[in-house]
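What follows is a set of notes on a single structure, which appears directly below.
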Amino acid sequence: MAQAQFEGLLTNLMSEDNASRVQAEKIYQNTKKQQPNEILQALLQVGRTSTNKELRSLAIVLLRRALVHFDKEKALWNRLSPAIQTLLKEQLLQGVISEEVPKVRADFCEAVVGLAGDLFDDGQQWEGFVQWLVALAQSTVDHQRQSALSIISDLCHHLQEPFSGPNFAVLGQLIQSSLASPQLDIKIAALNTAQSVIVQFPAQYRKEMQNLLPSILDTLAACLNAKDEDSACKSLENLINLTEQDPGFFQPAISVVVGAMLNVCNATQLEDSTRQLALEFLLSIAENKPKMCTSVEGFAKNIIYVILQWMMELPEVTLEEWNQHAEEDDDEIDIENYIVAQQGLDRICIALPAKIVGPIVLEHIPTMIQHQDWRNRYVGAMAVSMIGEGCSSVLKPHLAQVVSLILPLFSDPHPRVRWAAANTAGQMATDFGPKLQKQFHADFLPRMAHLLSDNENPKVQSHVAAALVNWCEKLKASTLKQYLPTILNALHTLLKENRKQFVTEQVVTAIASVAGCAEKHFTEFYDIFMPILKDILMLAKGADQTMLRGKAMECISLIGIAVGKEKFGPDVPSFMEILANIKTLDLEAEDPLRDFVLQTWMRVASCLAEDFVPYLSYTMPQVLQSAALEAGFSVSDSSLAGEEEEDGWDAIDIGDTRIRVHTVALEEKASACSMLLSFASEMKDAFFPYVQDVSKLILPLLNFGFHDGVRSSCAALVPHLLNCVKAYLKKNPGQNPNILGELFRFLFPALLESIRTNGEMDVQLICLEALHESLAVLEYNSLNLEEIQTLTHDVFLLTKMSQTRRQQAVGMNPDADRDDSAMIREELKSEDDMMVELAEVVGSLVKYHPDFFMETLKTELLPLVGALIQRTCQPAERQFALCFFDDIVEHGKEKSFPYWELFMPFMLEYATDAHEGVRQAACYGLGVCAQQGQELFKPYARQALEILLSVISKPDSREDDNAPPTENAISSVGKIIVFQESQLGSDVPELIKLWLSWLPIEIDDIEAKAVHKHLFGLIIGNHKHIFGADYGNLPKILSIFANCLREDTDVVEDKKELCNLFKQMQQQMGDLITKAVAVLPADQQALLSQALAQ
């Protein structure tokens, strides 16, 4: 084919006329397949000689795609003759050297990189290539040096061997000389190359690269001095990438680097985008190397000063304009300095120790809040809202003082300050709840309710409604009850009278949250709100009202859950009819109403439970159809003229292959699977008719590779489907009992395969959770010895894999110190979660199959656990080992005795460990050992008791993360008192009194129920010391009863049984009960009186 003719073919490949383009593609593909040598030679000739730069570019792009393919069998290189291979190598290199058009030259560089990378991957040589590259990097022609640096950067991984050892000095000198170039483009290219070398070359060369730090900083300075901010931004982006990949690289010059970045931040003559990148560098390096940053004098103080100054740069808008939009951080202003600074303050307070940043910020806040300029007051309030998460340990002891600063701002004369007050109230409720709600509800809730009537400022009203949502997340129903009339009347007024849709949408969401928090207390307001919400659902049909309509149906369903099916039931038929008339399958795939309907069905099912069955006839077909949607993906050659983008589809190009995924269809599939999970969990035996079809549907989806949500929901479904069958068999005892085990063995292999092969840690954790929950449903002796052996071996392998990943993550820090990057910390946290779930699996195995498990543990698990409990191991690993011992003692009983000598010294030592998870496992275990150990525990009883008392008596033992291990310690003290009483002698009466003084416990629900059940058992058994001398413990016992009976607590297994116990005591003890009740607070007397009346 002559060159002119071939250029015509290439021109048609770019044609906008579909018929011409399709015909040209067909000819091109056929020729490429039948005559690879000729087609590639023709492409090379056009790329090197055509006078049309667009055709030259296209020819080289097509040449690269033909030579390089992620599917090696489709790459043409190995089908070419040696002569053509040699020609291609020579001419591609020559094209890099001589091409004058930057875009085409970049195409030549990409082709060289692609071909060289494939050859090196296959172990083939490109003779003279490295020498050519070095020579090109030393060229006196600027664009040639720039191209060489670009190629080195892209091929860095493959160039480690030729530039290793003494040869690394050659590479270092190339980068050094290029950084010293007067040409900014070469400096930027050298900086990019340096970043690649730092990250990809072995750590042994890191120090040599650190010698380049002055030159790297000079590159940024040169860009700024030349007033070339585009190049400066490129330099900053390179440096930011380096803070994420190897933050410790900056250690030798960290003070200079930080100073340079602060100067850029403070340079008001620069573009905001440039200054923001400098701040991003400082934030990123603080997140990834916090200890290194705090070693720089004034680091925290200086960066916080910059941030607070930027937060003052509020846009000048009229209040009328400001009130037009719902959110303060609208999309069009998300690059404003004040928004970047707000986010930055949050990030720096999370990144650095609270004891360092907290006092610095708090030093500024009082002055700002009392300032005459509203901007200062606004920033002061916003600063409080931003520092809460990171500085909670510093702020909590002074919460009253912080609250006193914020409260006056609710009546501030400027509406934007009132908005900030509402914003801070909402964020503080999240950061400091439930403590804030418990202590300061009387300060905040009336003020928030009052601000809902700020009719001149709908934006304030909307944000107060949003803050109420935050407050309700951690507010007790009994506390909210007194404020319901005021809050709901204000929301009702807004719902009826407000004309701004963004306010109405937020009010509807707030009503749903208030109802969810108030629960049955919302019942008296139900008839006020339900008609209005149904009207919105019926009338809001405009295209711009989709979100409002969706929120209305969401609110109705959440109210239904709050008030219960007795109140909601009469409205359900009409509500479900409205939903049924919304033909979800006829809606556009991208229409959010589809998901709103599915989620609403799910909540109605949650409310009605088995009473939802009549609606399954039309909801299940739609849900099953959505869950069975095809993945919606295709693999094809990238279209030469491009493809029109379709809504709901995402495309990824890998080489010359385009992978397109129908993301909207996948999201719908995931929502449907989540809905099946809800149906099965709520309807129990009523869902049994659908179990078989759903099981067949989810079997392949347990290893569905295109969406994590689908796999997660399907894995979580497994125990619930088993529970449906179990509940059905319980109600229908004449049915075949084997169907439960048959269902498990139908799904078990796929679930196990998902656990073994899943690359996503989050999904793998859900699969492990599904496994141990499934074992709990099956209960005792449902697995055979071989299955137990399989599972214990898998636990062993997964634990070893977690150890390996943990070591690899730690190894990512070349400084080998404890100042890890955020990415490393996140990976280590995931491994901690993995160990927790593996411990749960072990617990289920030993609980329900103690004999088989104790038989299998010796081969692999016991040696592994013995290694993990050592002091040198990570806290999560030691916690896993302790939980293992707890479980084999609790369920293996005397079969665990041979292992006590190994574990007991660690159990005693770790009961005071600094890590709360380790401490909790050890404290719990001491109680288990006291109960199950019989004579074996007696030598340890006194020592264990003293250790547990020391844990409980610490001043902060009931605060935050300390509470669960402390409550487990309290539980264990009770067990030692009862099961090791002979070892305690005359101390028992005082120990029981002390133990009672710590009750009730409320944080660890599981342990709370166990402890209170233990107490009730002592009373029923009439333990000789439980009531104390002269019944001195009786008032405390009755106080515990009252607290356990509060409607907002769930710390006893059955409140009715507790009421019956109290009635029996009242009948037996008469006046003693009357006198003991009389000394209790009025609210507790009322609760006990109600108990007697039941």
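The way I read the labels, and the way they are meant: chains A, B, ... in the order of the structure tokens, residue 1 as the first residue of every chain, and ligand 1 as the first ligand shown, with later ones counted on from there.
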### Task
Using only C-alpha atoms, determine which residues lie at most 7 Å from Phe880 in chain A, disregarding the query and same-chain residues fewer than 6 positions distant; provide the list as JSON, numbers by chain.
{"A": [835, 836, 839]}
Go ahead and dump the residues you just picked, all heavy atoms, as a PDB file, in the first residue's frame.
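Final output, out06.pdb:
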ATOM      1  N   MET A 835      -7.325  -9.880  62.429  1.00  0.00           N
ATOM      2  CA  MET A 835      -7.054 -10.732  63.578  1.00  0.00           C
ATOM      3  C   MET A 835      -8.284 -10.857  64.479  1.00  0.00           C
ATOM      4  O   MET A 835      -8.547 -11.922  65.048  1.00  0.00           O
ATOM      5  CB  MET A 835      -5.866 -10.193  64.370  1.00  0.00           C
ATOM      6  CG  MET A 835      -4.542 -10.151  63.599  1.00  0.00           C
ATOM      7  SD  MET A 835      -4.085 -11.746  62.883  1.00  0.00           S
ATOM      8  CE  MET A 835      -3.782 -12.715  64.355  1.00  0.00           C
ATOM      9  N   VAL A 836      -9.051  -9.783  64.595  1.00  0.00           N
ATOM     10  CA  VAL A 836     -10.276  -9.828  65.409  1.00  0.00           C
ATOM     11  C   VAL A 836     -11.266 -10.820  64.818  1.00  0.00           C
ATOM     12  O   VAL A 836     -11.863 -11.646  65.533  1.00  0.00           O
ATOM     13  CB  VAL A 836     -10.907  -8.424  65.517  1.00  0.00           C
ATOM     14  CG1 VAL A 836     -12.305  -8.503  66.138  1.00  0.00           C
ATOM     15  CG2 VAL A 836     -10.019  -7.500  66.340  1.00  0.00           C
ATOM     16  N   ALA A 839     -10.180 -14.379  65.260  1.00  0.00           N
ATOM     17  CA  ALA A 839     -10.435 -14.806  66.632  1.00  0.00           C
ATOM     18  C   ALA A 839     -11.891 -15.205  66.818  1.00  0.00           C
ATOM     19  O   ALA A 839     -12.203 -16.161  67.544  1.00  0.00           O
ATOM     20  CB  ALA A 839     -10.061 -13.683  67.607  1.00  0.00           C
TER      21      ALA A 839
END
### Message
Give me, as a PyMOL selection string, all polymer residues having an atom no more than 9 Å from range 940-946 of chain A, counting only C-alpha atoms and skipping those fewer than 6 positions away in the same chain.
### Response
chain A and resi 904+908+911+923+926-927+930+972-973+976-977+980+983-984
Per residue of range 373-435 of chain A within 12 Å of range 476-495 of chain A, which atom pair is closest and at what distance in Å (one decimal), using only C-alpha atoms, listed by chain and increasing number, as JSON lines?
{"residue": "A:Gly433", "atom": "CA", "partner": "A:Lys476", "partner_atom": "CA", "distance": 10.7}
{"residue": "A:Pro434", "atom": "CA", "partner": "A:Lys476", "partner_atom": "CA", "distance": 8.5}
{"residue": "A:Lys435", "atom": "CA", "partner": "A:Lys476", "partner_atom": "CA", "distance": 10.9}
Go ahead and write the selection's residues with N, CA, C and O atoms as an mmCIF file, in the first residue's frame.
data_model
loop_
_atom_site.group_PDB
_atom_site.id
_atom_site.type_symbol
_atom_site.label_atom_id
_atom_site.label_comp_id
_atom_site.auth_asym_id
_atom_site.auth_seq_id
_atom_site.Cartn_x
_atom_site.Cartn_y
_atom_site.Cartn_z
ATOM 1 N N GLY A 433 -20.176 13.110 71.255
ATOM 2 C CA GLY A 433 -21.334 12.349 71.714
ATOM 3 C C GLY A 433 -20.917 10.988 72.225
ATOM 4 O O GLY A 433 -19.876 10.457 71.825
ATOM 5 N N PRO A 434 -21.708 10.392 73.094
ATOM 6 C CA PRO A 434 -22.953 10.923 73.681
ATOM 7 C C PRO A 434 -22.738 11.822 74.908
ATOM 8 O O PRO A 434 -23.709 12.279 75.508
ATOM 9 N N LYS A 435 -21.473 12.045 75.275
ATOM 10 C CA LYS A 435 -21.205 12.860 76.467
ATOM 11 C C LYS A 435 -21.803 14.262 76.317
ATOM 12 O O LYS A 435 -22.408 14.793 77.259
#
### DSSP helix (DSSP H, G or I) selection over range 285-509 of chain A, as an NGL selection string
:A and (285-288 or 290-294 or 299-311 or 319-322 or 331-333 or 337-351 or 354-369 or 374-387 or 392-411 or 415-432 or 435-451 or 458-473 or 477-497 or 501-509)
### Task
List the neighbours of Asn1060 in chain A out to 9 Å using only C-alpha atoms; skip same-chain residues closer than 3 positions along the sequence, and give me the result as a PyMOL selection string.
chain A and resi 1055-1057+1063-1065+1091-1092+1094
### Task
Rank A:Gln160, A:Gly705, A:Gly47, A:Pro700 by their smallest atom-to-atom distance to Leu747 in chain A, using only C-alpha atoms, and report the top residue only.
A:Pro700
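Residues within 10 Å of Cys156 in chain A, counting only C-alpha atoms and excluding same-chain residues fewer than 6 positions away, are A:Gly117, A:Ser150, A:Phe163, A:Thr193, A:Ala194, A:Ser196, A:Val197, A:Ile198, A:Val199, A:Gln200, A:Phe201.
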### Query
Any idea what's packed within 12 Å of Pro36 in chain A, counting only C-alpha atoms, ignoring anything in its chain fewer than 2 positions away? Could you give it as a PyMOL selection string?
chain A and resi 28-34+38-43+63+66-67+74-81+84-85
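For the choices A:Ala552, A:Pro413, A:Glu1053, A:Val842, the atom-to-atom distance to Leu539 in chain A is smallest for A:Ala552 when using only C-alpha atoms.
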### Task
Extract, using only C-alpha atoms, all DNA, RNA and protein residues at most 12 Å from Asn288 in chain A, discarding same-chain residues fewer than 2 positions from it, and format them as a PyMOL selection string.
chain A and resi 240-250+281-286+290-294+347-348+350-352+812-813+818-826
### Task
Could you give me, as an NGL selection string, the residues within 12 Å of Tyr1031 in chain A, counting only C-alpha atoms and dropping anything in the same chain fewer than 4 positions from it?
:A and (989 or 993 or 1024-1027 or 1035-1038 or 1069 or 1071-1073 or 1075-1076)
Pull all heavy atoms from the residues just selected and write them as a short mmCIF file (atom, residue, chain, number, x, y, z; two decimals), in the first residue's frame.
data_model
loop_
_atom_site.label_atom_id
_atom_site.label_comp_id
_atom_site.auth_asym_id
_atom_site.auth_seq_id
_atom_site.Cartn_x
_atom_site.Cartn_y
_atom_site.Cartn_z
N PRO A 989 -17.14 -10.31 101.97
CA PRO A 989 -18.21 -9.30 102.13
C PRO A 989 -17.83 -7.93 101.57
O PRO A 989 -18.63 -7.30 100.88
CB PRO A 989 -18.42 -9.25 103.65
CG PRO A 989 -17.98 -10.60 104.14
CD PRO A 989 -16.82 -10.97 103.26
N LYS A 993 -19.40 -5.87 98.25
CA LYS A 993 -19.86 -4.48 98.33
C LYS A 993 -19.15 -3.60 97.30
O LYS A 993 -19.77 -2.76 96.64
CB LYS A 993 -19.61 -3.96 99.75
CG LYS A 993 -20.12 -2.55 99.99
CD LYS A 993 -19.90 -2.13 101.44
CE LYS A 993 -20.43 -0.72 101.69
NZ LYS A 993 -20.21 -0.31 103.11
N LYS A 1024 -24.83 -15.77 100.83
CA LYS A 1024 -24.87 -15.28 102.22
C LYS A 1024 -24.35 -13.86 102.39
O LYS A 1024 -24.64 -13.20 103.39
CB LYS A 1024 -24.09 -16.24 103.12
CG LYS A 1024 -22.62 -16.40 102.77
CD LYS A 1024 -21.96 -17.43 103.67
CE LYS A 1024 -20.50 -17.66 103.30
NZ LYS A 1024 -19.86 -18.67 104.18
N HIS A 1025 -23.56 -13.38 101.45
CA HIS A 1025 -23.01 -12.03 101.62
C HIS A 1025 -23.59 -11.01 100.62
O HIS A 1025 -23.18 -9.84 100.65
CB HIS A 1025 -21.48 -12.06 101.43
CG HIS A 1025 -20.77 -12.88 102.46
ND1 HIS A 1025 -20.84 -12.60 103.81
CD2 HIS A 1025 -19.97 -13.98 102.32
CE1 HIS A 1025 -20.11 -13.49 104.48
NE2 HIS A 1025 -19.57 -14.34 103.61
N ILE A 1026 -24.50 -11.44 99.75
CA ILE A 1026 -24.93 -10.56 98.66
C ILE A 1026 -25.65 -9.31 99.18
O ILE A 1026 -25.48 -8.21 98.66
CB ILE A 1026 -25.80 -11.31 97.63
CG1 ILE A 1026 -26.07 -10.41 96.42
CG2 ILE A 1026 -27.10 -11.77 98.24
CD1 ILE A 1026 -24.84 -10.02 95.66
N PHE A 1027 -26.47 -9.45 100.25
CA PHE A 1027 -27.21 -8.29 100.74
C PHE A 1027 -26.43 -7.50 101.78
O PHE A 1027 -26.83 -6.40 102.16
CB PHE A 1027 -28.55 -8.74 101.33
CG PHE A 1027 -29.50 -9.29 100.31
CD1 PHE A 1027 -29.90 -10.62 100.36
CD2 PHE A 1027 -29.97 -8.50 99.28
CE1 PHE A 1027 -30.76 -11.14 99.41
CE2 PHE A 1027 -30.83 -9.00 98.32
CZ PHE A 1027 -31.23 -10.33 98.38
N PRO A 1035 -30.08 -1.17 99.13
CA PRO A 1035 -30.36 0.02 98.32
C PRO A 1035 -29.55 0.05 97.02
O PRO A 1035 -30.08 0.43 95.97
CB PRO A 1035 -29.99 1.18 99.24
CG PRO A 1035 -30.16 0.62 100.61
CD PRO A 1035 -29.72 -0.81 100.52
N LYS A 1036 -28.28 -0.34 97.10
CA LYS A 1036 -27.46 -0.34 95.88
C LYS A 1036 -27.98 -1.37 94.88
O LYS A 1036 -28.03 -1.10 93.67
CB LYS A 1036 -25.99 -0.64 96.24
CG LYS A 1036 -25.08 -0.76 95.02
CD LYS A 1036 -25.06 0.51 94.16
CE LYS A 1036 -24.18 0.35 92.94
NZ LYS A 1036 -24.22 1.54 92.07
N ILE A 1037 -28.38 -2.54 95.36
CA ILE A 1037 -28.91 -3.56 94.46
C ILE A 1037 -30.16 -3.05 93.76
O ILE A 1037 -30.33 -3.22 92.55
CB ILE A 1037 -29.21 -4.86 95.25
CG1 ILE A 1037 -27.88 -5.51 95.68
CG2 ILE A 1037 -30.04 -5.82 94.42
CD1 ILE A 1037 -28.05 -6.69 96.60
N LEU A 1038 -31.05 -2.40 94.51
CA LEU A 1038 -32.28 -1.87 93.90
C LEU A 1038 -31.98 -0.72 92.93
O LEU A 1038 -32.67 -0.55 91.93
CB LEU A 1038 -33.24 -1.42 95.00
CG LEU A 1038 -33.73 -2.53 95.94
CD1 LEU A 1038 -34.75 -1.99 96.92
CD2 LEU A 1038 -34.32 -3.70 95.15
N MET A 1069 -39.31 -9.81 101.32
CA MET A 1069 -38.54 -8.94 102.21
C MET A 1069 -39.36 -7.75 102.70
O MET A 1069 -38.91 -7.02 103.59
CB MET A 1069 -37.27 -8.47 101.51
CG MET A 1069 -36.40 -9.63 101.04
SD MET A 1069 -35.02 -9.14 99.98
CE MET A 1069 -33.96 -8.36 101.16
N ASP A 1071 -40.91 -4.86 104.26
CA ASP A 1071 -40.50 -3.53 104.73
C ASP A 1071 -39.06 -3.20 104.37
O ASP A 1071 -38.71 -2.03 104.18
CB ASP A 1071 -40.67 -3.43 106.25
CG ASP A 1071 -42.14 -3.39 106.64
OD1 ASP A 1071 -42.97 -3.14 105.75
OD2 ASP A 1071 -42.43 -3.63 107.82
N LEU A 1072 -38.19 -4.22 104.31
CA LEU A 1072 -36.80 -3.95 103.95
C LEU A 1072 -36.72 -3.34 102.55
O LEU A 1072 -35.95 -2.41 102.31
CB LEU A 1072 -35.99 -5.25 103.99
CG LEU A 1072 -35.72 -5.84 105.39
CD1 LEU A 1072 -35.11 -7.23 105.26
CD2 LEU A 1072 -34.77 -4.91 106.15
N ILE A 1073 -37.54 -3.84 101.63
CA ILE A 1073 -37.58 -3.28 100.28
C ILE A 1073 -38.13 -1.87 100.31
O ILE A 1073 -37.58 -0.95 99.68
CB ILE A 1073 -38.44 -4.17 99.36
CG1 ILE A 1073 -37.79 -5.55 99.19
CG2 ILE A 1073 -38.66 -3.50 98.01
CD1 ILE A 1073 -36.53 -5.56 98.39
N LYS A 1075 -38.07 0.36 102.70
CA LYS A 1075 -37.10 1.29 103.25
C LYS A 1075 -35.95 1.54 102.29
O LYS A 1075 -35.46 2.67 102.17
CB LYS A 1075 -36.56 0.73 104.57
CG LYS A 1075 -37.58 0.71 105.69
CD LYS A 1075 -36.99 0.09 106.95
CE LYS A 1075 -38.02 0.03 108.08
NZ LYS A 1075 -37.46 -0.60 109.31
N ALA A 1076 -35.51 0.48 101.59
CA ALA A 1076 -34.40 0.64 100.65
C ALA A 1076 -34.80 1.50 99.46
O ALA A 1076 -34.03 2.34 98.99
CB ALA A 1076 -33.92 -0.74 100.17
#
